[in-house]
Amino acid sequence: MTSATANPVLADDLDLAREATRDRLRIVVVGSVDDGKSTLIGRLLYETGSLPEDQITQVRAATRRGEDIDFSYFTDGLRAEREQGITIDVAYRHLSTSRRRFLLADTPGHVQYTRNMATGASTADLAVILLDARLGVLPQSRRHAYLASLLGIRHLAVVVNKMDLVGFDEAIFARLSSELGELAGKLGFQCVRSFPVSASDGDNVVTESARTPWFHGGTLLAYFEEAQVARGHEAGPFRYPVQTVIRPRLDHRAFAGQVAAGSIAVGEEVVVLPSGVRSRISAIDTFEGALPRAFAPMSVALRLADEVDIGRGDLVARPEELPVVARELEADVVWLAPTPLDPSREYLVKHTTRLVPARVTAVRHRIDLERLDADPTPTLALNDVGRLALRLSRPILCDPYRQVRATGAFILIDALTNETAGAGMIVAATEEAAPRSTLGSLVTAAERRARFGHAAAILAVEAPEAGVALDAARALERSLFDAGIAAALAAPEDALALANAGLMCVVASSGSETERAALRDRLGAKSVPAGDGALEAAMRATEPVHG
Amino acid sequence: MIASTDTLDHLRELEAESIHIIREVAAEFAKPVMLYSIGKDSQTMVHLARKAFHPGPIPFPLLHVDTTWKFREMYAFRDSYVREHGLKLLVHRNEEALEQGINPFDHGSRKYTHVMKTQALLQALARHGFDAAFGGARRDEEKSRAKERVYSFRDRAGQWDPKGQRPELWNLYNGRIDPGESIRVFPLSNWTELDVWRYVWLERLAVVPLYFAAQRPVVERDGNLIMVDDERLPLRPGETPRLRMIRFRTLGCYPLSGAIESTARTVPEILREMRESRQSERQGRVIDFDEEGSMELKKREGYF
């Protein structure tokens with residue numbers, strides 16, 4: 001206990017309580033380099049008191065020399081880094097008012113950095129697009145609006161900046177906001193608001209401008225504070241990807257995860273996918289105690305009424321609102337890697353808590369971001385957006401991105417280089433024809449677990465050299481067996497059968513990391529490094545296998 | 001308690017996000033470790049890890065990279081905290097450097113920090129074969145941090161390449177690495193200093209008492225208030241330790257940690273202190289360059 005707790009309750013407690021209840025809006029700010037984005041962000045940060053004191057003082061010093069305050073200074077501080085080449089990256093900045101807190105993704109505006117805009121937009125609730133009042137709607141503006149819409153943002157603030165340079169001409173503002181508004185409507189934005197702004201003078205950013213008496217839409221900051229943003233994940237079907245199993249005692253088995261969408265209450269019937277087993281929520285655990293109900297984005301641990309085999313990558317849903325169990329996907333993908341898409345290469349799909357090897361079976365088209373039209377293409381290169389068909393080696397539990405963001409999104413990882421190659425948004429997924437056959441076994445996994453006293457798993461003992469891996473696998477089988485575990489050494493092709501029989505199956509895995517990873521993925525195996533600590537790592541591998 | 005409407009307040013949302021990150025790492029990596037520096041951010045992070053696996057134990061050890069120059073109160077706090085919660089703690093020191101007598105006075109803070117902290121950390125990671133290491137850094141701390149990922153990839157030499165960072169979309173983290181490579185994980189990326197203090201208050205977290213103002217013996221050195229924590233601090237001619245009402249905003253090695261003059265003895269008082277300085281800025285008053293700001297700046301320029 002700190003000395004703080006020993007103190008009497010202070011008047012500040014009320015403020016603390018109120019401040020704690022403010023929500024956080026995530027905003028992505030996009031615009032070309034010369035649209036005045038730095039100035040706008042600098043102005044917002046300064047006027048909301050969100051800047052460190054040293055920076056403020058430096059700007060004041062500049063003011064004392066008789067210059068105007070240059071608000072872009074606050075973000076230009078990053079220019080030094082940019083000159084060293086970090087330019088292209090998203091920076092996250094905090095901003096807060098008495099009503100709300102904001103996390104601002106500041107995305108540099110060059111055409112070649114489209115991927116960074118996508119990164120910032122992936123978690124945003126609202127997008128701000130800057131236009132230069134003198135230049136109007138540029139191809140770049142259209143591109144940004146399209147991407148924001150593709151990533152699922154439904155709220156758009158159009159900032160017509162540099163109004164001071166066009167004499168605060170109402171007609172110009174009206175023309176630009178209707179032009180972009182029309183585009184935004186086509187792109188599916190639900191709420192579009194436009195603001196005539198001079199970021200350098202501060203008009204309509206935080207304070208209403210006397211120079212735009214014809215405008216009654218309030219300030220940009222007021223819109224940030226008031227925007228009613230439905231996150232999409234709070235409503236919608238219940239989606240709970242299991243991250244890990246918490247089993248402190250034999251009689252306590254909970255499935256840890258973050259509610260990705262929707263909500264669930266104790267007592268409700270659920271289905272565990274992909275196995276399709278039904279059960280009922282018996283408890284929702286948190287550190288503070290049990291809850292009657294959980295909703296997105298809470299991190300909790302669920303317990304079920306029945307002994308159900310669940311592991312990482314499984315998904316809990318309601319029987320009447322199931323996701324698609326799919327190996328075949330159609331998805332819009334933003335290409336993020338410098339190396340273009342190569343359909344002959346193996347990629348890994350990371351989707352919720354699953355990592356699955358995948359092949360690109362077709363490149364349907366590439367979007368021309370100038371015309372917003374689809375063109376045929378053999379591949380996708382850096383910053384391209386296009387439609388792909390994918391085939392996965394194991395199914396994922398997914399929804400179209402437009403319906404559920406959390407279960408509609410995935411990243412593509414290059415299996416060879418490990419780099420994040422693409423960001424995918426599922427458009428359509430094909431339901432698997434039939435669940436995996438169990439040959440109608442009348443013994444359940446739970447019964448087997450009860451007999452052996454532990455869950456089944458496949459442990460891949462890994463080393464680059466085959467001899468080393470096999471020796472270590474033999475040693476591990478011996479020590480597991482000695483520790484009372486029903487362990488069996490097996491060839492990889494027999495591993496699934498043994499694990500389905502309830503055994504702790506040990507396989508030796510050698511070769512390059514890519515090869516070993518491929519085996520691990522194919523078997524759903526837990527990696528155990530050869531050598532010291534193998535037993536410890538093996539004992540931690542409590543996640544059961546399915547099948 | 002959770003409100004009846006389906007919205008999580010700001011701190012609970014941050015908490016849920018951090019717990020998600022911590023669980024992902026525990027599930028995806030063979031051998032994770034959590035760096036523990038005994039500061040308020042570490043306390044917050046360890047508390048979140050306890051929540052993430054409750055009622056089970058934290059499935060990875062904590063690692064304190066010890067320079068041997070921390071405040072005495074920090075060591076005492078560390079040992080009692082770890083004991084109270086049954087946490088597994090590894091302590092690593094760069095013994096070679098200690099034998100050579102590397103210290104912050106004779107070798108300069110930059111070299112000392114590199115050898116006793118950075119090198120020591122890399123030694124510890126290599127010795128235990130950790131493939132993921134949690135750190136308590138936040139994006140609001142400094143500009144380069146504002147660009148870092150939640151999963152920050154490190155090459156075989158443990159180095160960060162800001163230009164070659166993996167894009168990070170949604171909450172889908174890419175933890176794929178080759179042998180010898182590792183990931184640094186920052187579950188508090190989206191927290192601010194203010195969030196951490198509010199959370200410390202909300203959760204009644206224990207923190208080292210040095211964060212709270214008290215009369216402590218200090219000397220003024222190169223514009224910093226340095227606490228004379230033990231007899232190892234060589235006093236310069238003319239320096240006499242004097243008792244002053246001070247506290248620390250960040251804690252590290254005592255000869256390199258500047259205190260601030262403050263009367264904030266409780267978390268709400270610290271919050272008030274932070275808020276008041278902010279409000280005066282917002283109201284546009286001309287305030288003098290305060291000691292706290294300059295101290296922070298010095299630290300950023302290589303003090304730490």
# chains A, B, ... in the order shown; residues from 1 in each chain; ligands from 1
>>> residues_around(residues="A:Arg143", least_positions_apart="3", cutoff="9 Å", atoms="only C-alpha atoms", output="PyMOL selection string")
chain A and resi 111+114+138-140+146-148+369-372
>>> interface_residues(of="chain B", to="chain A", cutoff="6 Å", atoms="only C-alpha atoms", output="PDB file with N, CA, C and O atoms, in the first residue's frame")
ATOM      1  N   ASP B   9     -14.759   3.157 -19.914  1.00  0.00           N
ATOM      2  CA  ASP B   9     -14.107   4.452 -19.827  1.00  0.00           C
ATOM      3  C   ASP B   9     -12.661   4.297 -20.283  1.00  0.00           C
ATOM      4  O   ASP B   9     -12.143   3.208 -20.486  1.00  0.00           O
ATOM      5  N   HIS B  10     -12.068   5.467 -20.448  1.00  0.00           N
ATOM      6  CA  HIS B  10     -10.747   5.570 -21.039  1.00  0.00           C
ATOM      7  C   HIS B  10      -9.704   4.645 -20.394  1.00  0.00           C
ATOM      8  O   HIS B  10      -9.009   3.892 -21.075  1.00  0.00           O
ATOM      9  N   ALA B  16      -7.720  -2.878 -20.894  1.00  0.00           N
ATOM     10  CA  ALA B  16      -8.117  -4.056 -21.680  1.00  0.00           C
ATOM     11  C   ALA B  16      -7.156  -4.273 -22.849  1.00  0.00           C
ATOM     12  O   ALA B  16      -6.779  -5.400 -23.171  1.00  0.00           O
ATOM     13  N   LYS B  51      -3.239  -9.163 -13.617  1.00  0.00           N
ATOM     14  CA  LYS B  51      -4.646  -9.230 -14.022  1.00  0.00           C
ATOM     15  C   LYS B  51      -4.839 -10.175 -15.205  1.00  0.00           C
ATOM     16  O   LYS B  51      -5.828 -10.907 -15.277  1.00  0.00           O
ATOM     17  N   HIS B  54      -4.806 -13.862 -13.972  1.00  0.00           N
ATOM     18  CA  HIS B  54      -5.514 -14.165 -12.744  1.00  0.00           C
ATOM     19  C   HIS B  54      -6.568 -15.258 -12.977  1.00  0.00           C
ATOM     20  O   HIS B  54      -7.243 -15.214 -13.989  1.00  0.00           O
ATOM     21  N   GLY B  56      -4.314 -17.410 -12.110  1.00  0.00           N
ATOM     22  CA  GLY B  56      -3.031 -18.084 -12.248  1.00  0.00           C
ATOM     23  C   GLY B  56      -1.876 -17.120 -12.023  1.00  0.00           C
ATOM     24  O   GLY B  56      -2.077 -15.907 -11.943  1.00  0.00           O
ATOM     25  N   ALA B 146       7.048   8.044 -30.148  1.00  0.00           N
ATOM     26  CA  ALA B 146       5.717   8.225 -30.738  1.00  0.00           C
ATOM     27  C   ALA B 146       5.574   7.402 -32.002  1.00  0.00           C
ATOM     28  O   ALA B 146       4.478   7.153 -32.478  1.00  0.00           O
ATOM     29  N   LYS B 147       6.717   6.985 -32.536  1.00  0.00           N
ATOM     30  CA  LYS B 147       6.693   6.237 -33.792  1.00  0.00           C
ATOM     31  C   LYS B 147       6.924   4.758 -33.588  1.00  0.00           C
ATOM     32  O   LYS B 147       6.927   4.000 -34.548  1.00  0.00           O
ATOM     33  N   LYS B 163      13.572   2.808 -39.497  1.00  0.00           N
ATOM     34  CA  LYS B 163      13.133   2.867 -40.882  1.00  0.00           C
ATOM     35  C   LYS B 163      12.489   1.560 -41.330  1.00  0.00           C
ATOM     36  O   LYS B 163      11.678   1.549 -42.226  1.00  0.00           O
ATOM     37  N   ARG B 166       7.923  -2.848 -38.895  1.00  0.00           N
ATOM     38  CA  ARG B 166       6.784  -3.528 -39.507  1.00  0.00           C
ATOM     39  C   ARG B 166       5.522  -2.686 -39.299  1.00  0.00           C
ATOM     40  O   ARG B 166       5.271  -2.232 -38.181  1.00  0.00           O
ATOM     41  N   LEU B 169      -1.216  -2.935 -37.940  1.00  0.00           N
ATOM     42  CA  LEU B 169      -2.611  -2.558 -38.157  1.00  0.00           C
ATOM     43  C   LEU B 169      -3.530  -3.260 -37.172  1.00  0.00           C
ATOM     44  O   LEU B 169      -3.260  -4.392 -36.763  1.00  0.00           O
ATOM     45  N   TRP B 170      -4.621  -2.605 -36.846  1.00  0.00           N
ATOM     46  CA  TRP B 170      -5.608  -3.134 -35.905  1.00  0.00           C
ATOM     47  C   TRP B 170      -4.885  -3.583 -34.628  1.00  0.00           C
ATOM     48  O   TRP B 170      -3.945  -2.919 -34.214  1.00  0.00           O
ATOM     49  N   ARG B 176       6.547 -12.798 -35.658  1.00  0.00           N
ATOM     50  CA  ARG B 176       7.422 -13.782 -36.300  1.00  0.00           C
ATOM     51  C   ARG B 176       8.869 -13.332 -36.267  1.00  0.00           C
ATOM     52  O   ARG B 176       9.188 -12.225 -36.708  1.00  0.00           O
ATOM     53  N   ALA B 206       0.871   0.248  -5.246  1.00  0.00           N
ATOM     54  CA  ALA B 206       2.015   0.660  -4.450  1.00  0.00           C
ATOM     55  C   ALA B 206       3.086   1.201  -5.384  1.00  0.00           C
ATOM     56  O   ALA B 206       3.347   0.622  -6.440  1.00  0.00           O
ATOM     57  N   THR B 266       0.881  13.019  -2.074  1.00  0.00           N
ATOM     58  CA  THR B 266      -0.068  11.944  -2.387  1.00  0.00           C
ATOM     59  C   THR B 266      -0.296  11.912  -3.899  1.00  0.00           C
ATOM     60  O   THR B 266       0.079  12.859  -4.604  1.00  0.00           O
ATOM     61  N   VAL B 267      -0.903  10.854  -4.361  1.00  0.00           N
ATOM     62  CA  VAL B 267      -1.183  10.759  -5.802  1.00  0.00           C
ATOM     63  C   VAL B 267      -2.109  11.897  -6.265  1.00  0.00           C
ATOM     64  O   VAL B 267      -1.822  12.551  -7.265  1.00  0.00           O
ATOM     65  N   ARG B 278      -0.239  22.451 -16.473  1.00  0.00           N
ATOM     66  CA  ARG B 278      -0.826  22.423 -17.803  1.00  0.00           C
ATOM     67  C   ARG B 278      -1.823  23.558 -18.010  1.00  0.00           C
ATOM     68  O   ARG B 278      -1.869  24.187 -19.043  1.00  0.00           O
ATOM     69  N   ARG B 282      -2.285  26.605 -20.834  1.00  0.00           N
ATOM     70  CA  ARG B 282      -3.441  26.771 -21.697  1.00  0.00           C
ATOM     71  C   ARG B 282      -3.995  28.183 -21.608  1.00  0.00           C
ATOM     72  O   ARG B 282      -4.473  28.741 -22.575  1.00  0.00           O
ATOM     73  N   GLY B 293      10.569  21.407 -16.268  1.00  0.00           N
ATOM     74  CA  GLY B 293      10.692  21.279 -17.713  1.00  0.00           C
ATOM     75  C   GLY B 293      12.143  21.143 -18.142  1.00  0.00           C
ATOM     76  O   GLY B 293      12.485  20.316 -18.976  1.00  0.00           O
TER      77      GLY B 293
END
>>> select_by_dssp(residues="stretch 9-208 of chain B", states="strand (DSSP E or B)", output="PyMOL selection string")
chain B and resi 32-35+62-65+70+89-92+132-134+151-154+182-185
>>> residues_around(residues="A:Leu380", least_positions_apart="4", cutoff="6 Å", atoms="only C-alpha atoms", output="list in words")
Pro340, Leu341 and Asp384 of chain A
>>> closest_residue(among="B:Leu98, B:Lys31, B:Phe71, B:Met116", to="B:Met227", atoms="only C-alpha atoms")
B:Phe71
>>> residues_around(residues="B:Ala213", least_positions_apart="6", cutoff="10 Å", atoms="only C-alpha atoms", output="JSON, numbers by chain")
{"B": [244, 245, 246, 247, 248, 259, 260, 261, 262, 263, 264, 265, 266, 269, 270]}
>>> atom_distance(atom1="atom CA of A:Ala305", atom2="atom CA of A:Ser282")
5.0 Å
>>> residues_around(residues="B:Met274", least_positions_apart="6", cutoff="10 Å", atoms="only C-alpha atoms", output="NGL selection string")
:B and (193-194 or 268)
>>> select_by_dssp(residues="stretch 45-292 of chain B", states="alpha helix (DSSP H)", output="number ranges by chain")
B: 45-53, 72-85, 95-99, 109-113, 120-128, 193-202, 267-282, 291-292
>>> atom_distance(atom1="atom CA of A:Met163", atom2="atom CA of A:Ala184")
21.4 Å
